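J.: Starting off with a structure, shown below.
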Amino acid sequence: MANIVRALGDYSLASYIDGANGTVSRELYVNPEIFEQEMEQIFQRCWLFLGHESQLPNPGDFIISRMGTEEVIVVRDRKDHKIRAFLNSCRHRGMKVCRYDEGNNLVFTCPYHAWTYDTKGKLVGAGFYNHPEAYTDTLPKEDWGLLEVAQFKNFYGSLWATWDAKAPSFEDYLGPFTESLRHCLQSSDGDDNGLEFFTPFQRHRLPTNWKVPGFTSVTDLTHTAMTHRSASAAGLHQDRGQGKGKATKPFPQEKYAIGDHLLGHGGMCTFYNQPGVPEYVDEWFEPGVDDYFREATERKGSKLLDQIMAPHGWGGGHFAIFPAVMVDSWRLRWYHPHATGMTERWTLSAADKKAPKYVKDALRHYSERFNGPIGFFESDDMENWNYVFPASQGARARKANYFFNNGKGHGVYDDRLPGVIVNGSYTEEAQRARFSRWLAFMEARSWDDLYPINQSKTDRIW
Amino acid sequence: MTETQKYEIGGKGGIKVWTGLPVGTTVTLLNGAVGTITANPHDGGYVQVDWQEHPIDPSKVGKQEFVFFNEVQSATRPDGSTEALTSIGVATSTELDAEVDLGSLEGVILQQSVERFLYKEARLLDERRLVEWLNLLDTDLHYWMPMRRNIKFGEWDREFTDSETEINWFNEGKDILEGRIRQLNTGVHWPEEPVSRFEHIVTNVEIVDVTGDEICVNSKFFCYQNRLQDEVNTWVGRREDLLRRDSETGFKIVKRKIILAQNVMLPKVVNTFF
């Protein structure tokens, strides 16, 4: 076991998580050495979310995204039209080769010594390359392309990458959540890759550790009533409109907090107990929008006459993909670490590709007023997530543990999602699962120790 | 003259700025190669050239290559011009186009009354008189703060997010602002509890158009937030307002575009208005 915080004594990483009592050391959120190790052990290895193909429709289109603390260029090649991702750092001296948020490029030219790379990341020029007294035969261009991610996956339009060649396939990484993610990327009438995402990324800073929102904001139903007290008091509940509809036909379903302690994913989850879809319930105040969704839901139901829907987050709810992506059926939100106490939060919101403009507008405006630092709902979260950090950081405070015991031991395995523990909606099962996988990543020497899962080693530390 | 000397001389006196050279321009290199520009990445360094002649390496004829500006002797555009430095679209500012002569007494009074309106508006926000602030907004208000991209020089159209198709910071009417103020006035909106100390400073008030009862006015703001013991946030930017004369409040704000000088939103929460 790794011993990483010598100043505090010879503690192993495992000693930071007290499974018997359901607590986690605050060091995990405030210790810079742990943060540095996370960047290596977690963000260099995990599959991370980059964006969506609808952000780069044309050859040469690019966006700047992030993996951990680093920027990556995500670009659609001009020739083969495939999307690839590269570290945004010139191979020569490490300058950012691209400093625009997005655009369409023929080449990415470094403003320092004019090393220039094509949309496949290949080095195609350098300043003075042909000068008789310069590089001559000492710069083999084929060896000095931009650093490309080790694996890249376009999963039903969503773009993911890992720096680790030994990481399992994206589907194996998702495990039982593969179908859940696929479902969340469908249009509301059930077409695969049926969403387009509004540009650009919504990006804002949040002075806290990335795990505060990344681990503890998933299936955190006990926070809603108090944190969002003002939104409900002001009649701004999270419903898109006024929550005006009511279901008339019962649809058998079960709602849980779920945690995959083997893979780290989990969150809110609904299991559907009969084929088809629940009836659509009106929720929009903009005219015509409910009609669109009602018809789309009926079309989806007709495609699922004999098929039970994949379990996924309920309502506008979400499940999380380790380490820090939260997935809803209409948006993705994720957390980029900058430093121990600084996080950048990104959001992308979606609409059906085929939706008429008035439906897209309703979704877009809802997203604008709901999400992020100006969102009337999420601004409440920012305050709590922010001040967790300074109030946990002091010499006395950091010696205490966080309580993660809510519902521990009351969960059960459910065959509908193999390996996943289901528990009461208001429990912290999904949060515990993330710490289970966190510990596995932090102790592992490589992906050989992480996949296939060694159940006897990592299962149920709690 | 040696090859090296020719190269350096050509580099200093040759084509210095590439960005304006169109596809179809003929370039001649210092080494005698001649080609046609097939693409210009507007990166200040390179053009992509299709070779017609290449005395050093004839195998390159018919192939494409990226050429660094320092290697070029001369360039001739399809229209025959050879001037290298070309503007690719310098931004222009709005010209004053008012029905009222702003130098006249009527104009001075208008300027005064617009300024007093904007200062009062800022004061209402700072004194937490938010419901009174709402009363300065027209029922048809469009309140818009686009996001701002990092863009290339000349790509001015890409800078602001589109209020019709993209995600913006604020992009709403009076009804949504009323909801936000209901929330701020609950006393349990945690990012504003305890309440902040806001100071809005409004300056550079310029009337740019007057048509009947409608006045287009630009201004700048500096907004300082001091909160709890040591939380400080600042927002600096410009506004482009459409005001309409109003018998009760002097003016109503009909449109407001807020041009914030930020890319990533650096404060964690925006709990005031600009």
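Scheme for the structure tokens: letters A, B, ... for chains in order shown; per-chain residue numbers from 1; ligand numbers from 1 in order shown.
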With only C-alpha atoms as the counted atoms, please give the residues lying no more than 8 Å from Val236 of chain B, apart from itself and same-chain residues fewer than 3 positions off, as a list in words.

T.: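 Contacts, with the query itself left out: Lys220, Phe221, Phe222, Cys223, Leu260 and Ala261 of chain B.
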
J.: Those same residues, written as an mmCIF file, in the first residue's frame with all heavy atoms?

T.:
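Full text of again.cif as output:
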```cif
data_model
loop_
_atom_site.group_PDB
_atom_site.id
_atom_site.type_symbol
_atom_site.label_atom_id
_atom_site.label_comp_id
_atom_site.auth_asym_id
_atom_site.auth_seq_id
_atom_site.Cartn_x
_atom_site.Cartn_y
_atom_site.Cartn_z
ATOM 1 N N LYS B 220 -20.415 51.765 -19.379
ATOM 2 C CA LYS B 220 -19.521 50.761 -18.812
ATOM 3 C C LYS B 220 -19.847 50.595 -17.349
ATOM 4 O O LYS B 220 -20.326 51.516 -16.691
ATOM 5 C CB LYS B 220 -18.055 51.190 -18.956
ATOM 6 C CG LYS B 220 -17.557 51.149 -20.387
ATOM 7 C CD LYS B 220 -16.096 51.506 -20.466
ATOM 8 C CE LYS B 220 -15.664 51.746 -21.889
ATOM 9 N NZ LYS B 220 -15.026 50.577 -22.488
ATOM 10 N N PHE B 221 -19.560 49.379 -16.848
ATOM 11 C CA PHE B 221 -19.801 49.131 -15.427
ATOM 12 C C PHE B 221 -18.590 48.455 -14.812
ATOM 13 O O PHE B 221 -17.836 47.740 -15.462
ATOM 14 C CB PHE B 221 -21.049 48.258 -15.213
ATOM 15 C CG PHE B 221 -20.931 46.871 -15.797
ATOM 16 C CD1 PHE B 221 -20.394 45.825 -15.052
ATOM 17 C CD2 PHE B 221 -21.346 46.619 -17.089
ATOM 18 C CE1 PHE B 221 -20.279 44.555 -15.593
ATOM 19 C CE2 PHE B 221 -21.223 45.348 -17.641
ATOM 20 C CZ PHE B 221 -20.696 44.323 -16.895
ATOM 21 N N PHE B 222 -18.416 48.754 -13.524
ATOM 22 C CA PHE B 222 -17.484 48.013 -12.687
ATOM 23 C C PHE B 222 -18.297 47.584 -11.484
ATOM 24 O O PHE B 222 -18.861 48.416 -10.777
ATOM 25 C CB PHE B 222 -16.308 48.900 -12.254
ATOM 26 C CG PHE B 222 -15.320 48.195 -11.377
ATOM 27 C CD1 PHE B 222 -14.177 47.630 -11.923
ATOM 28 C CD2 PHE B 222 -15.534 48.069 -10.010
ATOM 29 C CE1 PHE B 222 -13.268 46.956 -11.114
ATOM 30 C CE2 PHE B 222 -14.626 47.397 -9.200
ATOM 31 C CZ PHE B 222 -13.488 46.842 -9.754
ATOM 32 N N CYS B 223 -18.399 46.285 -11.270
ATOM 33 C CA CYS B 223 -19.203 45.791 -10.157
ATOM 34 C C CYS B 223 -18.296 45.048 -9.190
ATOM 35 O O CYS B 223 -17.613 44.098 -9.566
ATOM 36 C CB CYS B 223 -20.318 44.875 -10.667
ATOM 37 S SG CYS B 223 -21.292 44.175 -9.319
ATOM 38 N N LEU B 260 -19.521 41.309 -20.912
ATOM 39 C CA LEU B 260 -18.663 41.094 -19.740
ATOM 40 C C LEU B 260 -17.251 40.745 -20.199
ATOM 41 O O LEU B 260 -17.070 39.931 -21.114
ATOM 42 C CB LEU B 260 -19.235 39.946 -18.902
ATOM 43 C CG LEU B 260 -18.491 39.621 -17.609
ATOM 44 C CD1 LEU B 260 -18.680 40.725 -16.585
ATOM 45 C CD2 LEU B 260 -18.980 38.287 -17.044
ATOM 46 N N ALA B 261 -16.262 41.329 -19.555
ATOM 47 C CA ALA B 261 -14.870 41.050 -19.924
ATOM 48 C C ALA B 261 -14.387 39.792 -19.205
ATOM 49 O O ALA B 261 -13.528 39.831 -18.327
ATOM 50 C CB ALA B 261 -13.990 42.252 -19.591
#
```

J.: Pull the strand (DSSP E or B) assignments for segment 25-222 of chain B out of DSSP run on the backbone, and list those residues as a count of residues only.

T.: 68

J.: Find the spatial neighbours of Leu174 of chain A, counting only C-alpha atoms, within a cut-off of 10 Å - ignore same-chain residues fewer than 2 positions away - and output them as a short mmCIF file (atom, residue, chain, number, x, y, z; two decimals) with N, CA and C atoms, in the first residue's frame.

T.:
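The result, stored in around-v4.cif:
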```cif
data_model
loop_
_atom_site.label_atom_id
_atom_site.label_comp_id
_atom_site.auth_asym_id
_atom_site.auth_seq_id
_atom_site.Cartn_x
_atom_site.Cartn_y
_atom_site.Cartn_z
N TRP A 47 -11.25 6.86 -18.31
CA TRP A 47 -11.91 7.44 -19.47
C TRP A 47 -12.56 8.76 -19.03
N PRO A 168 -9.33 -0.62 -20.09
CA PRO A 168 -10.25 -1.47 -20.85
C PRO A 168 -11.06 -0.63 -21.83
N SER A 169 -11.79 -1.29 -22.72
CA SER A 169 -12.64 -0.57 -23.67
C SER A 169 -13.61 0.33 -22.90
N PHE A 170 -14.12 1.36 -23.57
CA PHE A 170 -15.05 2.27 -22.89
C PHE A 170 -16.27 1.51 -22.38
N GLU A 171 -16.76 0.55 -23.16
CA GLU A 171 -17.92 -0.22 -22.73
C GLU A 171 -17.61 -1.05 -21.48
N ASP A 172 -16.39 -1.63 -21.43
CA ASP A 172 -16.02 -2.39 -20.23
C ASP A 172 -15.84 -1.46 -19.04
N PRO A 176 -22.13 -2.24 -16.38
CA PRO A 176 -23.59 -2.33 -16.51
C PRO A 176 -24.25 -1.00 -16.87
N PHE A 177 -23.47 0.10 -16.89
CA PHE A 177 -24.07 1.40 -17.19
C PHE A 177 -24.00 1.76 -18.68
N THR A 178 -23.46 0.80 -19.48
CA THR A 178 -23.34 1.07 -20.92
C THR A 178 -24.70 1.40 -21.53
N GLU A 179 -25.69 0.58 -21.22
CA GLU A 179 -27.01 0.81 -21.80
C GLU A 179 -27.67 2.06 -21.21
N SER A 180 -27.34 2.37 -19.95
CA SER A 180 -27.90 3.58 -19.33
C SER A 180 -27.39 4.82 -20.04
N LEU A 181 -26.09 4.85 -20.34
CA LEU A 181 -25.55 6.02 -21.02
C LEU A 181 -26.10 6.10 -22.44
N LEU A 263 -16.77 -0.47 -10.06
CA LEU A 263 -16.37 0.44 -11.13
C LEU A 263 -16.48 1.92 -10.72
N GLY A 264 -17.17 2.19 -9.64
CA GLY A 264 -17.23 3.56 -9.14
C GLY A 264 -18.40 4.37 -9.64
N HIS A 265 -19.15 3.85 -10.60
CA HIS A 265 -20.26 4.61 -11.15
C HIS A 265 -21.48 4.49 -10.23
N ILE A 321 -20.56 8.87 -13.91
CA ILE A 321 -19.52 8.02 -14.44
C ILE A 321 -18.22 8.44 -13.77
N PHE A 322 -17.54 7.48 -13.17
CA PHE A 322 -16.29 7.75 -12.47
C PHE A 322 -15.27 8.34 -13.44
#
```

J.: Could the residues of chain B that have an atom at most 6 Å from chain A be listed as JSON lines, each with its closest atom pair and the distance in Å to one decimal, counting only C-alpha atoms and ordered by chain and ascending residue number?

T.:
```
{"residue": "B:Pro41", "atom": "CA", "partner": "A:Leu106", "partner_atom": "CA", "distance": 5.3}
{"residue": "B:Asn150", "atom": "CA", "partner": "A:Tyr100", "partner_atom": "CA", "distance": 4.9}
{"residue": "B:Ile151", "atom": "CA", "partner": "A:Tyr100", "partner_atom": "CA", "distance": 5.5}
{"residue": "B:Glu166", "atom": "CA", "partner": "A:Thr199", "partner_atom": "CA", "distance": 5.3}
{"residue": "B:Arg182", "atom": "CA", "partner": "A:Ala234", "partner_atom": "CA", "distance": 5.4}
{"residue": "B:Gln183", "atom": "CA", "partner": "A:Ala234", "partner_atom": "CA", "distance": 5.0}
{"residue": "B:Thr186", "atom": "CA", "partner": "A:Ser230", "partner_atom": "CA", "distance": 6.0}
{"residue": "B:Val188", "atom": "CA", "partner": "A:Ser230", "partner_atom": "CA", "distance": 5.3}
{"residue": "B:His189", "atom": "CA", "partner": "A:Ser230", "partner_atom": "CA", "distance": 4.9}
{"residue": "B:Trp190", "atom": "CA", "partner": "A:Asp380", "partner_atom": "CA", "distance": 5.9}
{"residue": "B:Pro191", "atom": "CA", "partner": "A:Glu383", "partner_atom": "CA", "distance": 5.0}
{"residue": "B:Val264", "atom": "CA", "partner": "A:His204", "partner_atom": "CA", "distance": 5.3}
{"residue": "B:Met265", "atom": "CA", "partner": "A:His204", "partner_atom": "CA", "distance": 4.5}
{"residue": "B:Leu266", "atom": "CA", "partner": "A:Arg205", "partner_atom": "CA", "distance": 5.1}
{"residue": "B:Lys268", "atom": "CA", "partner": "A:Leu206", "partner_atom": "CA", "distance": 5.1}
{"residue": "B:Val269", "atom": "CA", "partner": "A:Pro373", "partner_atom": "CA", "distance": 4.1}
{"residue": "B:Val270", "atom": "CA", "partner": "A:Ile374", "partner_atom": "CA", "distance": 5.2}
```

J.: Output C-alpha atoms for every residue in the selection just made, as a PDB file, in the first residue's frame.

T.:
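Written file, part-v2.pdb:
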```pdb
ATOM      1  CA  PRO B  41      -4.631  28.776 -42.340  1.00  0.00           C
ATOM      2  CA  ASN B 150     -11.301  33.474 -27.393  1.00  0.00           C
ATOM      3  CA  ILE B 151     -11.228  34.263 -31.097  1.00  0.00           C
ATOM      4  CA  GLU B 166     -26.503  29.092 -28.195  1.00  0.00           C
ATOM      5  CA  ARG B 182     -38.221  36.576  -5.555  1.00  0.00           C
ATOM      6  CA  GLN B 183     -35.439  34.093  -4.784  1.00  0.00           C
ATOM      7  CA  THR B 186     -36.460  34.876   0.394  1.00  0.00           C
ATOM      8  CA  VAL B 188     -32.583  31.754   2.443  1.00  0.00           C
ATOM      9  CA  HIS B 189     -30.738  31.932  -0.872  1.00  0.00           C
ATOM     10  CA  TRP B 190     -27.434  30.731   0.573  1.00  0.00           C
ATOM     11  CA  PRO B 191     -24.943  32.315  -1.874  1.00  0.00           C
ATOM     12  CA  VAL B 264     -14.576  31.345 -18.145  1.00  0.00           C
ATOM     13  CA  MET B 265     -16.836  32.813 -15.448  1.00  0.00           C
ATOM     14  CA  LEU B 266     -14.384  33.259 -12.589  1.00  0.00           C
ATOM     15  CA  LYS B 268     -18.625  30.929  -8.520  1.00  0.00           C
ATOM     16  CA  VAL B 269     -22.001  32.673  -8.450  1.00  0.00           C
ATOM     17  CA  VAL B 270     -23.463  35.760 -10.094  1.00  0.00           C
TER      18      VAL B 270
END
```

J.: Show which residues sit within 9 Å of Asn135 of chain B, as a PyMOL selection string. Count only C-alpha atoms, and ignore same-chain residues fewer than 5 positions away.

T.: chain B and resi 130+249+252
